[in-house]
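*Asks:* Enclosed is the structure file model_7.txt (compact mmCIF, C-alpha atoms).
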# COMPACT_ATOMS: atom_id res chain seq x y z
CA MET A 13 -3.94 -16.15 12.33
CA ILE A 14 -2.43 -14.57 9.23
CA PRO A 15 -0.32 -11.41 9.70
CA PHE A 16 -1.94 -7.98 9.49
CA SER A 17 0.00 -5.01 8.12
CA ILE A 18 -0.64 -1.30 7.63
CA LEU A 19 -0.65 0.81 4.46
CA ASP A 20 -0.22 4.55 4.97
CA LEU A 21 -0.25 7.48 2.54
CA ALA A 22 0.73 10.10 5.14
CA PRO A 23 -2.63 11.87 4.72
CA VAL A 24 -2.74 15.64 5.01
CA THR A 25 -6.09 16.65 6.44
CA GLU A 26 -7.94 19.92 6.03
CA GLY A 27 -6.66 22.39 8.61
CA SER A 28 -3.35 20.55 8.99
CA ASP A 29 -0.01 20.38 7.15
CA THR A 30 2.67 17.93 6.05
CA THR A 31 4.69 18.35 9.24
CA GLN A 32 1.76 17.12 11.30
CA ALA A 33 1.08 14.38 8.75
CA PHE A 34 4.59 13.04 9.26
CA ARG A 35 4.20 13.16 13.03
CA ASN A 36 0.99 11.17 12.67
CA THR A 37 2.66 8.65 10.37
CA LEU A 38 5.41 7.90 12.87
CA ASP A 39 2.93 7.78 15.74
CA LEU A 40 0.75 5.30 13.87
CA ALA A 41 3.77 3.15 12.97
CA GLN A 42 4.81 3.05 16.62
CA LEU A 43 1.28 2.07 17.59
CA GLY A 44 1.25 -0.62 14.89
CA GLU A 45 4.49 -2.01 16.24
CA ARG A 46 3.07 -2.24 19.76
CA LEU A 47 -0.09 -3.89 18.42
CA GLY A 48 1.83 -6.58 16.54
CA TYR A 49 1.31 -5.49 12.94
CA GLN A 50 3.77 -7.21 10.63
CA ARG A 51 4.82 -4.32 8.42
CA TYR A 52 4.18 -0.64 7.77
CA TRP A 53 4.16 0.38 4.14
CA LEU A 54 4.08 3.81 2.55
CA ALA A 55 2.84 4.51 -0.98
CA GLU A 56 4.36 6.76 -3.62
CA HIS A 57 2.00 9.41 -4.98
CA HIS A 58 2.74 12.76 -6.59
CA ASN A 59 0.97 16.09 -7.09
CA MET A 60 -1.78 15.15 -4.63
CA PRO A 61 -2.24 17.73 -1.84
CA GLY A 62 -3.74 15.18 0.54
CA ILE A 63 -0.92 12.62 0.26
CA ALA A 64 2.52 13.48 1.67
CA SER A 65 4.40 10.24 0.90
CA ALA A 66 5.91 11.35 -2.42
CA ALA A 67 9.52 11.01 -1.22
CA THR A 68 8.75 7.48 -0.12
CA ALA A 69 12.25 6.24 0.69
CA VAL A 70 12.95 9.31 2.83
CA LEU A 71 9.78 8.75 4.83
CA ILE A 72 10.54 5.03 5.20
CA GLY A 73 13.85 6.01 6.80
CA HIS A 74 12.04 8.34 9.19
CA VAL A 75 9.59 5.62 10.24
CA ALA A 76 12.23 2.89 10.51
CA GLY A 77 14.37 5.19 12.65
CA GLY A 78 11.50 5.77 15.04
CA THR A 79 10.58 2.09 15.42
CA SER A 80 12.56 -1.01 16.29
CA THR A 81 10.89 -4.24 15.16
CA ILE A 82 8.12 -3.63 12.62
CA ARG A 83 9.09 -4.05 8.98
CA VAL A 84 8.93 -0.80 7.03
CA GLY A 85 8.68 -0.53 3.29
CA ALA A 86 7.20 0.81 0.09
CA GLY A 87 3.76 -0.17 -1.04
CA GLY A 88 5.01 0.80 -3.43
CA ILE A 89 7.72 2.54 -5.36
CA MET A 90 6.41 3.34 -8.84
CA LEU A 91 9.35 1.95 -10.77
CA PRO A 92 8.72 3.75 -14.09
CA ASN A 93 9.39 7.02 -12.23
CA HIS A 94 12.91 5.94 -11.23
CA ALA A 95 16.10 4.42 -12.55
CA PRO A 96 16.44 0.89 -11.14
CA LEU A 97 19.97 1.67 -9.97
CA GLN A 98 18.77 4.62 -7.90
CA VAL A 99 16.06 2.49 -6.28
CA ALA A 100 18.61 -0.22 -5.46
CA GLU A 101 20.94 2.34 -3.92
CA ALA A 102 18.16 3.93 -1.86
CA PHE A 103 16.84 0.66 -0.51
CA GLY A 104 20.32 -0.78 -0.11
CA THR A 105 21.01 2.24 2.09
CA LEU A 106 17.82 1.71 4.09
CA ALA A 107 18.53 -2.00 4.51
CA SER A 108 22.05 -1.20 5.69
CA LEU A 109 20.72 1.23 8.27
CA TYR A 110 17.88 -1.07 9.39
CA PRO A 111 18.95 -4.66 8.61
CA GLY A 112 16.17 -7.19 8.22
CA ARG A 113 13.39 -4.60 8.39
CA ILE A 114 13.05 -3.05 4.92
CA ASP A 115 10.62 -4.15 2.18
CA LEU A 116 10.49 -2.94 -1.41
CA GLY A 117 7.15 -3.15 -3.19
CA LEU A 118 7.17 -2.16 -6.87
CA GLY A 119 4.35 -0.83 -9.01
CA ARG A 120 4.19 0.06 -12.68
CA ALA A 121 1.63 2.87 -12.51
CA PRO A 122 2.84 6.48 -12.32
CA GLY A 123 1.06 7.22 -9.05
CA THR A 124 -0.08 10.55 -10.43
CA ASP A 125 -1.58 12.35 -13.43
CA GLN A 126 0.00 12.36 -16.87
CA PRO A 127 1.59 15.85 -16.77
CA THR A 128 3.24 15.01 -13.45
CA ALA A 129 4.33 11.60 -14.77
CA LYS A 130 6.09 13.35 -17.62
CA ALA A 131 7.73 15.75 -15.20
CA LEU A 132 8.97 12.82 -13.12
CA ARG A 133 10.15 10.61 -15.93
CA ARG A 134 11.68 13.33 -18.07
CA TYR A 135 13.07 11.15 -20.88
CA PHE A 136 10.92 8.09 -20.25
CA ASP A 137 7.23 8.11 -21.06
CA SER A 138 5.82 4.62 -20.64
CA ALA A 139 5.77 1.62 -18.32
CA ASP A 140 6.38 -0.87 -21.12
CA ALA A 141 9.86 -1.65 -19.81
CA PHE A 142 8.61 -2.57 -16.34
CA PRO A 143 9.54 -6.29 -16.50
CA GLN A 144 13.05 -5.44 -17.72
CA ASP A 145 13.40 -2.77 -15.04
CA VAL A 146 12.37 -5.25 -12.34
CA LEU A 147 14.99 -7.73 -13.55
CA GLU A 148 17.62 -5.01 -13.65
CA LEU A 149 16.74 -3.94 -10.12
CA LEU A 150 16.83 -7.50 -8.82
CA GLY A 151 20.25 -7.90 -10.39
CA TYR A 152 21.61 -4.94 -8.45
CA PHE A 153 20.78 -6.69 -5.18
CA GLU A 154 22.80 -9.76 -6.18
CA PRO A 155 26.40 -9.96 -4.96
CA ALA A 156 28.69 -8.07 -7.29
CA VAL A 157 30.97 -10.17 -9.51
CA PRO A 158 34.46 -9.41 -10.84
CA GLY A 159 34.33 -7.19 -13.89
CA GLN A 160 30.83 -5.91 -13.20
CA GLN A 161 30.78 -2.39 -14.59
CA VAL A 162 27.77 -1.05 -12.67
CA ARG A 163 26.94 -2.01 -9.12
CA ALA A 164 24.65 -0.62 -6.44
CA VAL A 165 26.69 0.79 -3.57
CA PRO A 166 25.13 0.11 -1.15
CA GLY A 167 22.77 -2.54 -2.45
CA ALA A 168 24.84 -5.33 -3.96
CA GLY A 169 24.60 -8.44 -1.81
CA ILE A 170 22.11 -6.87 0.61
CA GLU A 171 18.90 -8.74 1.34
CA VAL A 172 15.89 -6.60 0.42
CA PRO A 173 12.61 -8.51 -0.07
CA VAL A 174 11.05 -7.35 -3.34
CA TRP A 175 7.30 -7.53 -3.92
CA LEU A 176 5.28 -6.75 -7.02
CA LEU A 177 2.10 -4.73 -6.57
CA GLY A 178 -0.79 -4.59 -8.95
CA SER A 179 -4.49 -4.23 -9.63
CA SER A 180 -4.59 -6.35 -12.79
CA LEU A 181 -3.36 -9.65 -14.15
CA PHE A 182 -0.10 -8.16 -15.43
CA SER A 183 1.77 -8.00 -12.12
CA ALA A 184 0.18 -11.24 -10.94
CA LYS A 185 1.63 -13.01 -13.97
CA LEU A 186 5.04 -11.34 -13.62
CA SER A 187 5.20 -12.10 -9.88
CA ALA A 188 4.49 -15.75 -10.63
CA GLN A 189 7.12 -15.91 -13.38
CA LEU A 190 9.81 -14.32 -11.21
CA GLY A 191 8.90 -16.14 -8.01
CA LEU A 192 8.17 -12.99 -6.01
CA PRO A 193 5.55 -12.18 -3.37
CA PHE A 194 2.50 -10.39 -4.74
CA ALA A 195 0.32 -7.66 -3.24
CA PHE A 196 -3.02 -6.90 -4.88
CA ALA A 197 -4.58 -3.43 -4.61
CA SER A 198 -8.01 -4.73 -3.69
CA HIS A 199 -8.53 -1.78 -1.35
CA PHE A 200 -9.23 0.50 -4.32
CA ALA A 201 -9.39 -1.66 -7.47
CA PRO A 202 -10.83 -5.08 -6.58
CA ASP A 203 -12.36 -6.09 -9.91
CA ALA A 204 -9.62 -8.51 -11.01
CA MET A 205 -8.69 -9.74 -7.54
CA ASP A 206 -10.00 -13.30 -7.73
CA GLU A 207 -8.64 -13.91 -11.23
CA ALA A 208 -5.25 -12.38 -10.37
CA LEU A 209 -4.91 -14.49 -7.23
CA ALA A 210 -5.80 -17.67 -9.09
CA LEU A 211 -3.33 -16.90 -11.87
CA TYR A 212 -0.54 -16.06 -9.43
CA ARG A 213 -1.00 -19.21 -7.39
CA ARG A 214 -1.42 -21.47 -10.41
CA ASP A 215 1.59 -20.21 -12.37
CA PHE A 216 4.01 -19.49 -9.52
CA ARG A 217 7.57 -20.65 -10.13
CA PRO A 218 9.79 -21.09 -7.06
CA SER A 219 12.85 -18.86 -6.95
CA ALA A 220 15.84 -18.19 -4.73
CA ARG A 221 13.77 -15.43 -3.16
CA LEU A 222 10.54 -17.36 -2.53
CA GLN A 223 9.71 -21.06 -2.61
CA ARG A 224 5.92 -20.84 -2.39
CA PRO A 225 3.41 -18.21 -3.55
CA TYR A 226 2.70 -15.50 -1.01
CA ALA A 227 -0.18 -13.11 -1.65
CA MET A 228 -1.17 -10.06 0.36
CA LEU A 229 -4.52 -8.32 -0.17
CA GLY A 230 -5.39 -4.71 0.57
CA LEU A 231 -8.48 -4.16 2.70
CA ASN A 232 -10.14 -0.98 3.92
CA VAL A 233 -10.99 -1.33 7.59
CA VAL A 234 -12.70 1.58 9.31
CA ALA A 235 -13.71 0.66 12.84
CA ALA A 236 -15.28 2.58 15.69
CA ASP A 237 -17.16 1.81 18.88
CA GLY A 238 -20.46 1.97 17.00
CA ASP A 239 -21.59 1.07 13.49
CA ALA A 240 -23.02 4.52 12.77
CA GLU A 241 -19.83 6.27 13.82
CA ALA A 242 -17.72 3.95 11.67
CA ARG A 243 -19.92 4.63 8.63
CA ARG A 244 -19.57 8.34 9.28
CA LEU A 245 -15.77 8.09 9.49
CA PHE A 246 -15.78 6.18 6.19
CA THR A 247 -17.35 9.16 4.41
CA THR A 248 -13.90 10.80 4.43
CA GLN A 249 -12.58 8.16 2.05
CA GLN A 250 -15.75 8.19 -0.01
CA GLN A 251 -15.48 11.96 -0.47
CA SER A 252 -11.81 11.69 -1.39
CA PHE A 253 -12.59 9.21 -4.16
CA ILE A 254 -15.34 11.43 -5.53
CA ASN A 255 -13.15 14.53 -5.40
CA LEU A 256 -10.40 12.71 -7.29
CA ARG A 257 -12.82 11.54 -9.99
CA ARG A 258 -14.15 15.08 -10.27
CA GLY A 259 -10.62 16.27 -10.98
CA ARG A 260 -10.39 18.16 -7.71
CA PRO A 261 -7.98 16.26 -5.47
CA GLY A 262 -7.38 18.18 -2.29
CA LEU A 263 -6.67 17.80 1.38
CA ILE A 264 -8.36 14.94 3.20
CA PRO A 265 -11.87 16.15 4.13
CA PRO A 266 -13.64 15.69 7.46
CA PRO A 267 -16.50 13.17 7.65
CA ILE A 268 -20.03 14.25 6.90
CA ASP A 269 -23.39 13.08 8.20
CA ASP A 270 -25.10 12.55 4.84
CA ILE A 271 -22.96 11.09 2.07
CA GLU A 272 -26.05 10.63 -0.09
CA SER A 273 -26.29 14.38 -0.54
CA TYR A 274 -22.65 14.55 -1.66
CA TRP A 275 -22.51 12.11 -4.54
CA THR A 276 -24.53 11.55 -7.69
CA PRO A 277 -25.96 8.08 -8.41
CA PRO A 278 -23.17 7.27 -10.93
CA GLU A 279 -20.55 8.47 -8.47
CA LYS A 280 -22.07 6.30 -5.77
CA LEU A 281 -21.84 3.24 -7.99
CA MET A 282 -18.23 4.06 -8.86
CA VAL A 283 -17.19 4.51 -5.23
CA GLU A 284 -19.01 1.42 -4.02
CA ARG A 285 -17.35 -0.65 -6.72
CA ALA A 286 -13.87 0.76 -6.03
CA LEU A 287 -14.23 0.35 -2.27
CA ALA A 288 -16.04 -2.98 -2.35
CA CYS A 289 -13.29 -4.53 -0.23
CA ALA A 290 -14.12 -2.62 2.92
CA VAL A 291 -15.05 -3.63 6.43
CA VAL A 292 -16.77 -0.78 8.25
CA GLY A 293 -18.39 -1.00 11.65
CA ALA A 294 -18.19 -1.67 15.37
CA PRO A 295 -15.82 -4.32 16.80
CA ASP A 296 -18.10 -7.33 16.31
CA ALA A 297 -18.96 -6.35 12.75
CA VAL A 298 -15.29 -5.74 11.94
CA THR A 299 -14.28 -9.13 13.31
CA ALA A 300 -16.99 -10.85 11.28
CA GLY A 301 -16.18 -8.89 8.14
CA ILE A 302 -12.46 -9.61 8.28
CA GLU A 303 -13.13 -13.27 9.00
CA ALA A 304 -15.43 -13.54 5.98
CA PHE A 305 -12.93 -11.78 3.70
CA ILE A 306 -10.13 -14.13 4.76
CA ALA A 307 -12.33 -17.21 4.41
CA ARG A 308 -13.35 -16.25 0.90
CA HIS A 309 -10.00 -15.18 -0.55
CA GLN A 310 -7.44 -17.06 1.58
CA PRO A 311 -4.72 -14.38 1.56
CA ASP A 312 -1.39 -15.06 3.22
CA GLU A 313 -1.45 -11.58 4.73
CA LEU A 314 -3.76 -8.57 4.95
CA LEU A 315 -2.66 -5.00 4.27
CA LEU A 316 -5.08 -2.73 6.10
CA THR A 317 -5.68 0.90 5.28
CA ALA A 318 -7.94 3.46 6.93
CA ASN A 319 -8.34 6.93 5.49
CA VAL A 320 -9.80 8.48 8.64
CA PHE A 321 -9.77 12.25 9.19
CA ASP A 322 -9.15 12.41 12.93
CA HIS A 323 -5.83 10.88 13.97
CA ALA A 324 -7.12 9.61 17.31
CA ALA A 325 -10.04 7.92 15.54
CA ARG A 326 -7.63 6.41 13.02
CA ARG A 327 -5.48 5.02 15.80
CA HIS A 328 -8.56 3.56 17.46
CA SER A 329 -9.62 1.94 14.19
CA PHE A 330 -6.32 0.07 13.95
CA GLU A 331 -6.60 -0.90 17.60
CA ILE A 332 -10.00 -2.47 16.93
CA ALA A 333 -8.64 -4.25 13.84
CA ALA A 334 -5.74 -5.67 15.86
CA ALA A 335 -8.18 -6.87 18.52
CA ALA A 336 -10.20 -8.56 15.76
CA ARG A 337 -7.06 -10.32 14.56
CA ASP A 338 -6.35 -11.55 18.07
CA ARG A 339 -9.95 -12.76 18.51
CA LEU A 340 -9.83 -14.65 15.22
CA GLY A 341 -6.49 -16.21 16.12
CA ALA A 342 -7.57 -17.30 19.58
Go ahead and express the file in the form of structure tokens.
*Replies:*
Amino acid sequence: MIPFSILDLAPVTEGSDTTQAFRNTLDLAQLGERLGYQRYWLAEHHNMPGIASAATAVLIGHVAGGTSTIRVGAGGIMLPNHAPLQVAEAFGTLASLYPGRIDLGLGRAPGTDQPTAKALRRYFDSADAFPQDVLELLGYFEPAVPGQQVRAVPGAGIEVPVWLLGSSLFSAKLSAQLGLPFAFASHFAPDAMDEALALYRRDFRPSARLQRPYAMLGLNVVAADGDAEARRLFTTQQQSFINLRRGRPGLIPPPIDDIESYWTPPEKLMVERALACAVVGAPDAVTAGIEAFIARHQPDELLLTANVFDHAARRHSFEIAAAARDRLGA
């Protein structure tokens, strides 16, 4: 069976706070480790009250320090928000503290709104230099050579697997050109998934970092003991998408009994399209849904996410998903 991994945004739920969100993040990572998940990734977002993973590298260190075997990384660091040298130093530090366990996924979106992007970037206002920034960053992880004026300390000569993340053909093409693993954001933007996968696999060039293409796909999996309860839990994520599109991002809302009364017909179409890659249901339905998704798209790995309001229910969802993996691999 292919590996399953976890994507977390350190959600801050209504009635809670960031301190509790970070406790939940570490608790979920520890559970994921016990359940055999391959990696635990955290995503960089800014100016979003319901997402507490803005200082992504700091939170990665917290999670890695509280676990022992699971890989921990960024899914991803939004590179246009940072100087490549600073990213290399941060992840060189993490990889020195936790050797063989740190991943660095890179994205070219700001992970926020435009005013916040400008506040983050200060003197840099576009992602046009993303390919050059990726090459610069990769260079900092190479062993330093005599006469090299700028080096990452720590970072130079330290093994940090670098992934490119994307929801379009751009990062698929760049990943193929550079010979890097590729993660597609099919959990919220699946439209170009099939085309991006085909392009990446067709055009992949082996590199010192990776000899064969390796593609990971994001998948929403919300599981519960019954189908109706799983669909109810999923309304949290549906509401969050609607609130964001309405320009009112807030804390993660509790589930509701009637999502039809919450959204307009156009909003429903938008959410269903964005979240088309979702498996929602009881254990048997989840197993069948994951199996069908893998059979259709042939990913090398799945990156599961579950925006569930109640932490205990979220834990249980990942337990059911892990059981599905084990059933499929039997």
*Asks:* Between CA of Trp275 in chain A and CA of Leu256 in chain A, measure the distance and give it in Å to one decimal.
*Replies:*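 Straight-line distance from CA of Trp275 in chain A to CA of Leu256 in chain A works out to 12.4 Å.
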*Asks:* Using all atoms listed in the file, which residues sit within 10 Å of Leu340 in chain A once same-chain residues fewer than 6 positions away are excluded, as a ChimeraX atom specification?
*Replies:* /A:13-14,299-300,302-303,334
*Asks:* Which residue is closest to Glu26 in chain A? Choose from A:Phe196, A:Phe321, A:Phe142, A:Phe216 and count all atoms listed in the file.
*Replies:* A:Phe321
*Asks:* Skip range 42-57 of chain A itself and residues of its chain fewer than 5 positions away, then list as an NGL selection string all residues within 6 Å of it, counting all atoms listed in the file.
*Replies:* :A and (15-21 or 65-66 or 68 or 79 or 82-89 or 123-124)
*Asks:* Smallest atom-to-atom distance to Leu71 in chain A: which of A:Arg120, A:His94, A:Arg339, A:Arg35, using all atoms listed in the file?
*Replies:*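 Using all atoms listed in the file, Leu71 in chain A sits closest to A:Arg35.
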*Asks:* List every protein, DNA or RNA residue with an atom no more than 9 Å from (7.5, -15.3, -7.1) in the file's coordinates, counting all atoms listed in the file, and format the result as a list in words.
*Replies:*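 Residues found, by chain and rising number: Trp175, Leu176, Leu186, Ser187, Ala188, Gln189, Leu190, Gly191, Leu192, Pro193, Phe194, Tyr212, Phe216, Arg217, Pro218, Ser219, Arg221, Leu222, Gln223, Arg224, Pro225 and Tyr226 of chain A.
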*Asks:* Need to verify the contact set: Leu109 in chain A, 12 Å, only C-alpha atoms, exclusion of same-chain residues closer than 3 positions in sequence. Can you return it as a list in words?
*Replies:*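 After dropping sequence-adjacent residues, the list is Ile72, Gly73, His74, Ala76, Gly77, Ser80, Ala102, Phe103, Gly104, Thr105, Leu106, Gly112, Arg113, Ile114, Pro166, Gly167 and Ile170 of chain A.
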*Asks:* Using all atoms listed in the file, list the residues that have an atom at most 9 Å from (18.3, -0.1, -9.6), coordinates as in the file, as a ChimeraX atom specification.
*Replies:* /A:94-102,145-146,148-153,163-164,167
*Asks:* Report the distance between CA of Val174 in chain A and CA of Leu116 in chain A in Å, rounded to one decimal place.
*Replies:* 4.8 Å
*Asks:* Interatomic distance between CA of Asn36 in chain A and CA of Pro202 in chain A?
*Replies:*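 Computing the Euclidean distance for CA of Asn36 in chain A and CA of Pro202 in chain A yields 27.8 Å.
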*Asks:* As lines of an AutoDock Vina configuration file, please: the centre and edge lengths in Å, to one decimal, of an axis-aligned box enclosing every listed atom of range 274-292 of chain A with 4 Å added on each side.
*Replies:*
center_x = -19.6
center_y = 5.0
center_z = -1.3
size_x = 20.7
size_y = 27.1
size_z = 27.2
*Asks:* Could you build a table of the residues in range 95-202 of chain A lying no more than 7 Å from range 285-292 of chain A, giving for each the nearest pair of atoms and their separation in Å rounded to one decimal place, using only C-alpha atoms, ordered by chain and ascending residue number, as CSV?
*Replies:*
residue,atom,partner,partner_atom,distance
A:Ser198,CA,A:Cys289,CA,6.3
A:His199,CA,A:Cys289,CA,5.6
A:Phe200,CA,A:Ala286,CA,5.0
A:Ala201,CA,A:Ala286,CA,5.3
A:Pro202,CA,A:Ala286,CA,6.6
*Asks:* Could you tell me which of A:Ser108, A:Ser183, A:Thr30, A:Asn319 comes closest to Gln250 in chain A if we count only C-alpha atoms?
*Replies:*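 Residue with the minimum atom-to-atom distance to Gln250 in chain A: A:Asn319.
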*Asks:* Which residue gives the smallest distance to Phe34 in chain A among A:Arg244, A:Ser329, A:His323, A:Glu284, with all atoms listed in the file counted?
*Replies:*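 Of the candidates, the smallest distance to Phe34 in chain A is held by A:His323.
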*Asks:* Would you mind telling me which residue in A:Val172, A:Ala121, A:Ala67, A:Leu209 lies nearest to His309 in chain A when using all atoms listed in the file?
*Replies:* A:Leu209
*Asks:* Out of A:Leu91, A:Ala107, A:Ala197, A:Ala210, which residue has the shortest atom-to-atom distance to Leu132 in chain A when counting only C-alpha atoms?
*Replies:* A:Leu91
